[in-house]
>>> print(open('run_23.pdb').read())   # PDB, C-alpha atoms and all ligand atoms
ATOM      1  CA  MET H 268     119.042 109.674 126.958
ATOM      2  CA  PRO H 269     120.408 108.593 129.355
ATOM      3  CA  GLU H 270     120.761 111.938 131.137
ATOM      4  CA  LEU H 271     121.215 112.874 134.800
ATOM      5  CA  PRO H 272     117.935 111.367 136.081
ATOM      6  CA  GLU H 273     118.499 108.032 134.337
ATOM      7  CA  MET H 274     122.077 107.784 135.611
ATOM      8  CA  GLU H 275     121.001 108.861 139.094
ATOM      9  CA  ILE H 276     118.592 105.949 139.402
ATOM     10  CA  VAL H 277     121.131 103.572 137.831
ATOM     11  CA  ALA H 278     123.727 104.652 140.412
ATOM     12  CA  ARG H 279     121.198 104.217 143.236
ATOM     13  CA  ARG H 280     120.061 100.762 142.187
ATOM     14  CA  LEU H 281     123.584  99.488 141.477
ATOM     15  CA  GLY H 282     124.789 101.124 144.688
ATOM     16  CA  GLU H 283     122.245  98.998 146.566
ATOM     17  CA  ALA H 284     122.971  95.760 144.700
ATOM     18  CA  LEU H 285     126.663  95.633 143.807
ATOM     19  CA  PRO H 286     128.742  96.249 146.937
ATOM     20  CA  GLY H 287     130.266  92.977 148.064
ATOM     21  CA  GLU H 288     129.783  91.287 144.690
ATOM     22  CA  ARG H 289     132.931  89.714 143.296
ATOM     23  CA  ILE H 290     133.718  89.927 139.582
ATOM     24  CA  GLU H 291     134.593  86.425 138.396
ATOM     25  CA  SER H 292     135.690  87.696 135.006
ATOM     26  CA  ALA H 293     135.040  90.542 132.598
ATOM     27  CA  LEU H 294     134.536  90.186 128.867
ATOM     28  CA  THR H 295     134.544  92.863 126.211
ATOM     29  CA  PRO H 296     132.600  91.626 123.171
ATOM     30  CA  GLY H 297     132.383  95.261 122.092
ATOM     31  CA  ILE H 298     136.126  95.731 122.100
ATOM     32  CA  ASN H 299     135.823  99.373 120.982
ATOM     33  CA  ALA H 300     133.926 100.131 124.163
ATOM     34  CA  LEU H 301     137.063  99.655 126.223
ATOM     35  CA  LYS H 302     138.985 102.923 126.321
ATOM     36  CA  THR H 303     141.899 102.162 128.645
ATOM     37  CA  PHE H 304     144.822  99.779 128.843
ATOM     38  CA  ASP H 305     146.582 101.041 131.984
ATOM     39  CA  PRO H 306     145.776  99.603 134.426
ATOM     40  CA  PRO H 307     145.048  96.557 132.264
ATOM     41  CA  PHE H 308     141.417  95.555 132.167
ATOM     42  CA  SER H 309     142.368  92.114 133.486
ATOM     43  CA  ALA H 310     143.085  93.810 136.851
ATOM     44  CA  ILE H 311     139.317  93.706 137.345
ATOM     45  CA  ASP H 312     139.210  89.895 137.542
ATOM     46  CA  GLY H 313     138.430  88.874 141.104
ATOM     47  CA  ALA H 314     137.732  92.461 142.199
ATOM     48  CA  VAL H 315     134.879  93.271 144.565
ATOM     49  CA  PHE H 316     132.446  96.109 143.946
ATOM     50  CA  THR H 317     132.440  98.660 146.735
ATOM     51  CA  GLY H 318     130.067 101.342 145.461
ATOM     52  CA  ALA H 319     128.327 103.155 142.610
ATOM     53  CA  ARG H 320     128.236 106.918 142.002
ATOM     54  CA  ARG H 321     127.170 109.380 139.349
ATOM     55  CA  ARG H 322     128.826 112.514 138.021
ATOM     56  CA  GLY H 323     126.717 114.332 135.426
ATOM     57  CA  LYS H 324     125.753 111.654 132.911
ATOM     58  CA  LEU H 325     128.721 109.467 133.868
ATOM     59  CA  LEU H 326     128.589 106.392 136.092
ATOM     60  CA  LEU H 327     131.452 105.510 138.426
ATOM     61  CA  LEU H 328     131.695 102.006 139.869
ATOM     62  CA  ASP H 329     134.220 101.571 142.666
ATOM     63  CA  VAL H 330     136.037  98.261 142.938
ATOM     64  CA  GLU H 331     138.666  96.781 145.243
ATOM     65  CA  THR H 332     141.073  94.725 143.182
ATOM     66  CA  ARG H 333     143.387  91.956 144.339
ATOM     67  CA  GLU H 334     146.666  93.366 143.108
ATOM     68  CA  ARG H 335     146.106  97.059 142.547
ATOM     69  CA  GLY H 336     143.856  98.067 145.426
ATOM     70  CA  PRO H 337     140.961 100.405 144.746
ATOM     71  CA  LEU H 338     140.165 101.222 141.106
ATOM     72  CA  VAL H 339     137.282 102.976 139.402
ATOM     73  CA  LEU H 340     135.251 101.888 136.413
ATOM     74  CA  LEU H 341     134.148 105.030 134.598
ATOM     75  CA  LEU H 342     131.281 104.558 132.135
ATOM     76  CA  HIS H 343     129.581 106.803 129.632
ATOM     77  CA  LEU H 344     126.553 105.220 128.009
ATOM     78  CA  MET H 345     126.252 108.022 125.402
ATOM     79  CA  SER H 346     122.810 108.051 123.793
ATOM     80  CA  ALA H 347     122.080 104.384 123.126
ATOM     81  CA  GLY H 348     123.918 102.542 125.900
ATOM     82  CA  ARG H 349     122.371 100.810 128.892
ATOM     83  CA  ILE H 350     123.716  99.026 131.948
ATOM     84  CA  GLN H 351     121.683  96.213 133.454
ATOM     85  CA  LEU H 352     122.168  93.654 136.199
ATOM     86  CA  PHE H 353     120.788  90.309 135.118
ATOM     87  CA  ASP H 354     120.308  87.008 136.938
ATOM     88  CA  LYS H 355     121.477  85.151 133.843
ATOM     89  CA  ARG H 356     124.436  85.587 131.543
ATOM     90  CA  ALA H 357     123.983  86.995 128.071
ATOM     91  CA  SER H 358     123.769  84.817 125.028
ATOM     92  CA  LEU H 359     127.018  85.023 123.086
ATOM     93  CA  ARG H 360     124.891  85.999 120.109
ATOM     94  CA  ASP H 361     123.583  89.125 121.835
ATOM     95  CA  LYS H 362     124.827  91.851 119.489
ATOM     96  CA  THR H 363     124.103  94.561 122.060
ATOM     97  CA  SER H 364     126.755  93.275 124.500
ATOM     98  CA  ARG H 365     129.678  95.666 124.956
ATOM     99  CA  VAL H 366     131.189  94.808 128.344
ATOM    100  CA  LEU H 367     130.115  91.909 130.566
ATOM    101  CA  PHE H 368     131.006  91.578 134.246
ATOM    102  CA  ARG H 369     130.370  88.007 135.329
ATOM    103  CA  LEU H 370     129.270  87.648 138.936
ATOM    104  CA  PRO H 371     128.681  84.551 141.096
ATOM    105  CA  ASP H 372     125.579  82.402 140.563
ATOM    106  CA  ASP H 373     125.425  83.097 136.839
ATOM    107  CA  ARG H 374     124.563  86.776 137.406
ATOM    108  CA  GLU H 375     125.962  89.418 135.121
ATOM    109  CA  LEU H 376     126.359  93.189 135.016
ATOM    110  CA  ARG H 377     125.997  94.001 131.357
ATOM    111  CA  VAL H 378     126.868  97.155 129.413
ATOM    112  CA  ARG H 379     124.793  97.069 126.240
ATOM    113  CA  GLU H 380     124.284  99.394 123.331
ATOM    114  CA  PHE H 381     121.410  99.538 120.899
ATOM    115  CA  GLY H 382     121.673 100.556 117.268
ATOM    116  CA  THR H 383     124.616 100.239 114.954
ATOM    117  CA  ARG H 384     126.933 102.878 116.361
ATOM    118  CA  GLN H 385     129.436 101.968 119.049
ATOM    119  CA  ARG H 386     129.854 105.037 121.185
ATOM    120  CA  ALA H 387     129.326 103.905 124.774
ATOM    121  CA  TRP H 388     132.596 103.374 126.621
ATOM    122  CA  VAL H 389     134.189 102.051 129.798
ATOM    123  CA  LYS H 390     137.506 103.014 131.362
ATOM    124  CA  LEU H 391     139.341 101.434 134.265
ATOM    125  CA  LEU H 392     141.174 104.120 136.223
ATOM    126  CA  ALA H 393     143.214 104.614 139.355
ATOM    127  CA  PRO H 394     141.145 106.683 141.830
ATOM    128  CA  ASP H 395     143.479 109.662 141.578
ATOM    129  CA  ALA H 396     143.211 109.662 137.772
ATOM    130  CA  VAL H 397     139.427 110.016 137.708
ATOM    131  CA  GLU H 398     139.068 113.771 138.177
ATOM    132  CA  ALA H 399     141.800 114.422 135.629
ATOM    133  CA  ASP H 400     140.208 112.190 133.010
ATOM    134  CA  GLU H 401     139.158 114.080 129.911
ATOM    135  CA  ALA H 402     135.541 113.011 130.442
ATOM    136  CA  LEU H 403     135.370 114.719 133.839
ATOM    137  CA  GLU H 404     137.822 117.532 133.374
ATOM    138  CA  GLY H 405     135.978 120.751 132.687
ATOM    139  CA  LEU H 406     132.550 119.429 133.663
ATOM    140  CA  GLY H 407     130.434 122.179 135.177
ATOM    141  CA  PRO H 408     128.598 121.917 138.491
ATOM    142  CA  GLU H 409     125.774 119.406 138.859
ATOM    143  CA  ALA H 410     122.327 120.534 137.700
ATOM    144  CA  TRP H 411     120.722 118.635 140.569
ATOM    145  CA  PRO H 412     119.790 118.559 143.417
ATOM    146  CA  GLU H 413     120.721 122.246 143.627
ATOM    147  CA  PRO H 414     121.378 124.082 140.368
ATOM    148  CA  PRO H 415     124.533 126.211 140.679
ATOM    149  CA  ALA H 416     124.083 129.458 142.617
ATOM    150  CA  ASP H 417     126.018 131.294 139.880
ATOM    151  CA  LEU H 418     123.676 130.067 137.143
ATOM    152  CA  ALA H 419     123.176 133.583 135.704
ATOM    153  CA  GLY H 420     126.911 134.042 135.238
ATOM    154  CA  ARG H 421     127.354 130.561 133.789
ATOM    155  CA  LEU H 422     124.617 131.213 131.225
ATOM    156  CA  ALA H 423     125.830 134.706 130.290
ATOM    157  CA  ALA H 424     126.778 133.918 126.707
ATOM    158  CA  PRO H 425     125.236 134.933 123.377
ATOM    159  CA  ARG H 426     123.963 131.414 122.768
ATOM    160  CA  PRO H 427     120.452 129.945 122.877
ATOM    161  CA  LEU H 428     119.316 128.407 126.159
ATOM    162  CA  HIS H 429     118.559 125.080 124.494
ATOM    163  CA  SER H 430     122.233 124.710 123.636
ATOM    164  CA  LEU H 431     123.677 126.321 126.799
ATOM    165  CA  LEU H 432     121.732 124.101 129.180
ATOM    166  CA  ARG H 433     122.995 120.990 127.379
ATOM    167  CA  ASP H 434     126.594 122.204 127.464
ATOM    168  CA  GLN H 435     128.156 120.008 130.150
ATOM    169  CA  ARG H 436     130.792 122.660 130.882
ATOM    170  CA  VAL H 437     128.068 125.169 131.817
ATOM    171  CA  VAL H 438     126.011 122.837 133.989
ATOM    172  CA  THR H 439     126.244 119.065 133.912
ATOM    173  CA  GLY H 440     123.544 116.423 133.547
ATOM    174  CA  ILE H 441     120.932 117.914 131.204
ATOM    175  CA  GLY H 442     120.421 116.582 127.672
ATOM    176  CA  ARG H 443     117.954 116.738 124.822
ATOM    177  CA  THR H 444     114.963 115.234 126.583
ATOM    178  CA  TRP H 445     114.836 117.057 129.900
ATOM    179  CA  VAL H 446     115.907 120.434 128.512
ATOM    180  CA  ASP H 447     112.530 120.706 126.779
ATOM    181  CA  GLU H 448     110.667 120.001 130.021
ATOM    182  CA  ILE H 449     112.815 122.494 131.942
ATOM    183  CA  LEU H 450     112.379 125.340 129.431
ATOM    184  CA  HIS H 451     108.636 124.717 129.267
ATOM    185  CA  ALA H 452     108.366 124.737 133.070
ATOM    186  CA  ALA H 453     110.329 128.011 133.157
ATOM    187  CA  LYS H 454     108.216 129.489 130.312
ATOM    188  CA  LEU H 455     111.335 130.379 128.362
ATOM    189  CA  SER H 456     112.004 130.139 124.645
ATOM    190  CA  PRO H 457     114.623 127.550 123.659
ATOM    191  CA  PHE H 458     116.159 130.234 121.456
ATOM    192  CA  LYS H 459     116.329 132.951 124.093
ATOM    193  CA  ARG H 460     119.957 133.962 124.574
ATOM    194  CA  GLY H 461     121.616 133.148 127.875
ATOM    195  CA  ASP H 462     122.940 136.716 128.186
ATOM    196  CA  ASP H 463     119.440 138.115 127.713
ATOM    197  CA  LEU H 464     117.810 136.787 130.897
ATOM    198  CA  SER H 465     116.287 138.934 133.642
ATOM    199  CA  GLU H 466     116.918 138.063 137.269
ATOM    200  CA  ALA H 467     113.380 136.687 137.522
ATOM    201  CA  GLU H 468     113.932 134.518 134.446
ATOM    202  CA  VAL H 469     117.142 133.058 135.867
ATOM    203  CA  GLU H 470     115.287 132.296 139.066
ATOM    204  CA  ALA H 471     112.457 130.625 137.155
ATOM    205  CA  LEU H 472     114.984 128.591 135.201
ATOM    206  CA  SER H 473     116.844 127.502 138.320
ATOM    207  CA  ASP H 474     113.559 126.484 139.974
ATOM    208  CA  ALA H 475     112.512 124.597 136.831
ATOM    209  CA  ILE H 476     115.800 122.677 136.638
ATOM    210  CA  ALA H 477     115.431 121.549 140.256
ATOM    211  CA  SER H 478     111.723 120.762 140.107
ATOM    212  CA  GLU H 479     111.715 118.976 136.741
ATOM    213  CA  LEU H 480     114.708 116.787 137.600
ATOM    214  CA  ASP H 481     113.127 116.114 141.024
ATOM    215  CA  ARG H 482     109.904 115.080 139.332
ATOM    216  CA  VAL H 483     111.627 112.679 136.950
ATOM    217  CA  ILE H 484     113.888 111.147 139.598
ATOM    218  CA  ASP H 485     110.911 110.689 141.960
ATOM    219  CA  THR H 486     109.096 108.832 139.165
ATOM    220  CA  TYR H 487     112.116 106.614 138.547
ATOM    221  CA  GLU H 488     112.552 106.006 142.276
ATOM    222  CA  ALA H 489     108.996 104.655 142.366
ATOM    223  CA  GLU H 490     109.086 102.712 139.093
ATOM    224  CA  VAL H 491     112.615 101.649 138.154
ATOM    225  CA  GLN H 492     113.888  98.380 139.586
ATOM    226  CA  LEU H 493     116.599  95.850 138.751
ATOM    227  CA  PRO H 494     117.602  94.538 136.297
ATOM    228  CA  LEU H 495     117.243  98.216 135.169
ATOM    229  CA  PRO H 496     115.267  98.960 132.027
ATOM    230  CA  GLU H 497     116.144  99.008 128.366
ATOM    231  CA  LYS H 498     113.473 101.655 128.044
ATOM    232  CA  PHE H 499     113.007 103.983 130.958
ATOM    233  CA  PRO H 500     109.535 105.211 131.863
ATOM    234  CA  LYS H 501     109.207 108.593 130.156
ATOM    235  CA  PRO H 502     107.466 111.117 132.367
ATOM    236  CA  THR H 503     107.750 113.737 129.616
ATOM    237  CA  ARG H 504     104.957 116.258 129.193
ATOM    238  CA  VAL H 505     106.436 118.303 126.362
ATOM    239  CA  HIS H 506     109.471 116.677 124.738
ATOM    240  CA  ALA H 507     108.400 114.800 121.574
ATOM    241  CA  HIS H 508     104.749 115.584 122.356
ATOM    242  CA  GLN H 509     104.400 117.969 119.375
ATOM    243  CA  GLY H 510     100.872 118.012 118.005
ATOM    244  CA  GLU H 511      99.423 117.389 121.463
ATOM    245  CA  PRO H 512      97.935 120.075 123.734
ATOM    246  CA  CYS H 513     100.251 121.973 126.083
ATOM    247  CA  PRO H 514      99.736 120.564 129.605
ATOM    248  CA  ARG H 515      99.491 124.129 130.916
ATOM    249  CA  CYS H 516      97.492 126.128 128.344
ATOM    250  CA  GLU H 517      96.290 123.528 125.803
ATOM    251  CA  THR H 518      97.856 125.313 122.817
ATOM    252  CA  VAL H 519      99.122 122.704 120.350
ATOM    253  CA  LEU H 520     102.804 121.990 121.040
ATOM    254  CA  GLU H 521     105.179 122.683 118.161
ATOM    255  CA  ALA H 522     108.592 121.245 117.351
ATOM    256  CA  VAL H 523     111.793 121.980 115.525
ATOM    257  CA  PHE H 524     113.336 118.874 113.979
ATOM    258  CA  TYR H 525     117.069 118.356 113.847
ATOM    259  CA  GLU H 526     118.909 115.521 112.208
ATOM    260  CA  ASP H 527     118.757 113.190 115.178
ATOM    261  CA  TYR H 528     116.556 114.871 117.743
ATOM    262  CA  VAL H 529     113.508 117.023 118.197
ATOM    263  CA  MET H 530     113.005 120.205 120.220
ATOM    264  CA  THR H 531     109.417 120.618 121.426
ATOM    265  CA  TYR H 532     107.894 123.787 122.902
ATOM    266  CA  CYS H 533     104.620 125.593 123.526
ATOM    267  CA  PRO H 534     104.248 128.703 121.344
ATOM    268  CA  HIS H 535     101.871 130.312 123.837
ATOM    269  CA  CYS H 536     103.868 129.633 127.018
ATOM    270  CA  GLN H 537     107.352 130.047 125.578
ATOM    271  CA  THR H 538     107.647 131.996 122.335
ATOM    272  CA  GLU H 539     105.014 134.757 122.486
ATOM    273  CA  ASP H 540     102.711 132.782 120.189
ATOM    274  CA  ARG H 541     105.354 132.540 117.477
ATOM    275  CA  VAL H 542     105.888 129.232 115.723
ATOM    276  CA  LEU H 543     109.616 128.857 115.196
ATOM    277  CA  LYS H 544     110.994 127.978 111.824
ATOM    278  CA  ASP H 545     112.075 124.436 111.340
ATOM    279  CA  ARG H 546     115.737 125.257 110.912
ATOM    280  CA  ARG H 547     116.594 121.978 109.312
ATOM    281  CA  LEU H 548     113.996 122.477 106.596
ATOM    282  CA  SER H 549     114.805 126.137 106.081
ATOM    283  CA  ARG H 550     118.481 125.282 105.733
ATOM    284  CA  LEU H 551     117.708 122.653 103.139
ATOM    285  CA  LEU H 552     115.491 125.054 101.216
ATOM    286  CA  LYS H 553     118.089 127.821 100.992
TER     287      LYS H 553
HETATM  288 ZN    ZN H 601     101.353 126.351 126.863
END
>>> encode(input="run_23.pdb", output="structure tokens", more="lines below")
Ligand SMILES: [Zn+2]
Amino acid sequence: MPELPEMEIVARRLGEALPGERIESALTPGINALKTFDPPFSAIDGAVFTGARRRGKLLLLDVETRERGPLVLLLHLMSAGRIQLFDKRASLRDKTSRVLFRLPDDRELRVREFGTRQRAWVKLLAPDAVEADEALEGLGPEAWPEPPADLAGRLAAPRPLHSLLRDQRVVTGIGRTWVDEILHAAKLSPFKRGDDLSEAEVEALSDAIASELDRVIDTYEAEVQLPLPEKFPKPTRVHAHQGEPCPRCETVLEAVFYEDYVMTYCPHCQTEDRVLKDRRLSRLLK
């Protein structure tokens, strides 16, 4: 988190609210979050927002600046970052503040990050530098609204689906949460190899990508409003629901635990009734 659905709703809500808003000043209390110096970040002072877009898990905010014309703020919230539009400015003691865009009437667009690690970042770029930026260069086609037509070819590698689907060069937008829902909907094992899929399985996977991301985005469209949440509603049915009954067949959902995430699946629907080894534990026991 945040993945494609979270950034899609963020782009929609900011796209409705920001255009026309003038940035009075921008502050960077999380100085490490700022990844560019040319153009200088001060070029943003006095700029007017003109739009908000998403590419994969990245957010792009378009601005019209006074001296340098149109520029683009490129943001990656990584796993613990959030962007919120508040009616009041942040307390200077707020340790989650990374980048603050002060707007008229005391309002503030705030990039925050929770936890101790500082990984979320913001870049200010000239429009023609955006596509060439290392964060966008090499990104695969969008997973949504239409998964790529050449999905079979893109997945044709001797790697497990759980890893391939999260590889942003293969298809962009899917991460650790929604991959579990997609694989469950497609009735495919997370460890099935991408080069070992039948035509029908690729079709099921493509349908599952579209329908699961649709389902999540529809939920957000109905429930997510400004200032934008710290915690998004979680319309998960499988991910992190280990120990609960499968929503389709009621078999108890199982999980494999990794250092900082969990992979949840239904043994009956996805792995021919096999319970997969917890690789982290088995590695430690070797
Ligand atoms: Zn099941």
>>> closest_residue(input="run_23.pdb", among="H:Ile350, H:Leu338, H:Ala467, H:Val366", to="Leu495 in chain H", atoms="all atoms listed in the file")
H:Ile350
>>> residues_around(input="run_23.pdb", residues="range 444-456 of chain H", least_positions_apart="3", cutoff="10 Å", atoms="all atoms listed in the file", output="ChimeraX atom specification")
/H:268-272,427-433,440-441,459-460,464,468-480,483,501-507,513-515,528-539,543
>>> residues_around(input="run_23.pdb", residues="Arg374 in chain H", least_positions_apart="3", cutoff="8 Å", atoms="only C-alpha atoms", output="list of chain:residue names")
H:Leu352, H:Phe353, H:Asp354, H:Lys355, H:Arg356, H:Arg369, H:Leu370, H:Pro371
>>> closest_residue(input="run_23.pdb", among="H:Leu406, H:Arg482, H:Asp361, H:Ser346", to="Asp527 in chain H", atoms="all atoms listed in the file")
H:Ser346
>>> closest_residue(input="run_23.pdb", among="H:Gly348, H:Pro500, H:Gly407, H:Pro414", to="Asp485 in chain H", atoms="only C-alpha atoms")
H:Pro500
>>> decode(input="run_23.pdb", residues="range 468-488 of chain H", atoms="N, CA and C atoms", output="PDB file, in the first residue's frame")
ATOM      1  N   GLU H 468      -5.843 -19.974 -18.421  1.00  0.00           N
ATOM      2  CA  GLU H 468      -5.360 -19.394 -17.162  1.00  0.00           C
ATOM      3  C   GLU H 468      -4.959 -17.930 -17.336  1.00  0.00           C
ATOM      4  N   VAL H 469      -4.327 -17.623 -18.476  1.00  0.00           N
ATOM      5  CA  VAL H 469      -3.974 -16.220 -18.732  1.00  0.00           C
ATOM      6  C   VAL H 469      -5.242 -15.378 -18.829  1.00  0.00           C
ATOM      7  N   GLU H 470      -6.241 -15.933 -19.480  1.00  0.00           N
ATOM      8  CA  GLU H 470      -7.503 -15.210 -19.616  1.00  0.00           C
ATOM      9  C   GLU H 470      -8.148 -14.983 -18.249  1.00  0.00           C
ATOM     10  N   ALA H 471      -8.127 -16.014 -17.412  1.00  0.00           N
ATOM     11  CA  ALA H 471      -8.700 -15.884 -16.071  1.00  0.00           C
ATOM     12  C   ALA H 471      -7.929 -14.833 -15.267  1.00  0.00           C
ATOM     13  N   LEU H 472      -6.633 -14.824 -15.435  1.00  0.00           N
ATOM     14  CA  LEU H 472      -5.802 -13.861 -14.713  1.00  0.00           C
ATOM     15  C   LEU H 472      -6.095 -12.437 -15.182  1.00  0.00           C
ATOM     16  N   SER H 473      -6.184 -12.258 -16.483  1.00  0.00           N
ATOM     17  CA  SER H 473      -6.468 -10.940 -17.036  1.00  0.00           C
ATOM     18  C   SER H 473      -7.839 -10.444 -16.546  1.00  0.00           C
ATOM     19  N   ASP H 474      -8.833 -11.337 -16.574  1.00  0.00           N
ATOM     20  CA  ASP H 474     -10.162 -10.968 -16.079  1.00  0.00           C
ATOM     21  C   ASP H 474     -10.113 -10.603 -14.596  1.00  0.00           C
ATOM     22  N   ALA H 475      -9.324 -11.370 -13.829  1.00  0.00           N
ATOM     23  CA  ALA H 475      -9.246 -11.137 -12.381  1.00  0.00           C
ATOM     24  C   ALA H 475      -8.556  -9.802 -12.075  1.00  0.00           C
ATOM     25  N   ILE H 476      -7.526  -9.473 -12.834  1.00  0.00           N
ATOM     26  CA  ILE H 476      -6.850  -8.181 -12.627  1.00  0.00           C
ATOM     27  C   ILE H 476      -7.857  -7.049 -12.823  1.00  0.00           C
ATOM     28  N   ALA H 477      -8.582  -7.117 -13.952  1.00  0.00           N
ATOM     29  CA  ALA H 477      -9.547  -6.044 -14.256  1.00  0.00           C
ATOM     30  C   ALA H 477     -10.662  -6.004 -13.214  1.00  0.00           C
ATOM     31  N   SER H 478     -11.221  -7.165 -12.881  1.00  0.00           N
ATOM     32  CA  SER H 478     -12.406  -7.144 -12.019  1.00  0.00           C
ATOM     33  C   SER H 478     -12.055  -6.820 -10.569  1.00  0.00           C
ATOM     34  N   GLU H 479     -10.918  -7.311 -10.086  1.00  0.00           N
ATOM     35  CA  GLU H 479     -10.539  -7.012  -8.700  1.00  0.00           C
ATOM     36  C   GLU H 479     -10.187  -5.530  -8.543  1.00  0.00           C
ATOM     37  N   LEU H 480      -9.416  -4.988  -9.482  1.00  0.00           N
ATOM     38  CA  LEU H 480      -9.063  -3.567  -9.368  1.00  0.00           C
ATOM     39  C   LEU H 480     -10.310  -2.696  -9.543  1.00  0.00           C
ATOM     40  N   ASP H 481     -11.217  -3.111 -10.443  1.00  0.00           N
ATOM     41  CA  ASP H 481     -12.511  -2.418 -10.580  1.00  0.00           C
ATOM     42  C   ASP H 481     -13.249  -2.399  -9.246  1.00  0.00           C
ATOM     43  N   ARG H 482     -13.307  -3.557  -8.628  1.00  0.00           N
ATOM     44  CA  ARG H 482     -14.063  -3.697  -7.375  1.00  0.00           C
ATOM     45  C   ARG H 482     -13.495  -2.761  -6.295  1.00  0.00           C
ATOM     46  N   VAL H 483     -12.185  -2.733  -6.187  1.00  0.00           N
ATOM     47  CA  VAL H 483     -11.562  -1.908  -5.150  1.00  0.00           C
ATOM     48  C   VAL H 483     -11.768  -0.419  -5.460  1.00  0.00           C
ATOM     49  N   ILE H 484     -11.552  -0.046  -6.713  1.00  0.00           N
ATOM     50  CA  ILE H 484     -11.684   1.369  -7.079  1.00  0.00           C
ATOM     51  C   ILE H 484     -13.137   1.823  -6.923  1.00  0.00           C
ATOM     52  N   ASP H 485     -14.095   0.954  -7.264  1.00  0.00           N
ATOM     53  CA  ASP H 485     -15.511   1.304  -7.065  1.00  0.00           C
ATOM     54  C   ASP H 485     -15.802   1.554  -5.585  1.00  0.00           C
ATOM     55  N   THR H 486     -15.215   0.709  -4.714  1.00  0.00           N
ATOM     56  CA  THR H 486     -15.400   0.898  -3.273  1.00  0.00           C
ATOM     57  C   THR H 486     -14.822   2.240  -2.843  1.00  0.00           C
ATOM     58  N   TYR H 487     -13.618   2.534  -3.310  1.00  0.00           N
ATOM     59  CA  TYR H 487     -12.982   3.807  -2.937  1.00  0.00           C
ATOM     60  C   TYR H 487     -13.793   4.987  -3.472  1.00  0.00           C
ATOM     61  N   GLU H 488     -14.281   4.837  -4.710  1.00  0.00           N
ATOM     62  CA  GLU H 488     -15.062   5.933  -5.306  1.00  0.00           C
ATOM     63  C   GLU H 488     -16.253   6.266  -4.410  1.00  0.00           C
TER      64      GLU H 488
END
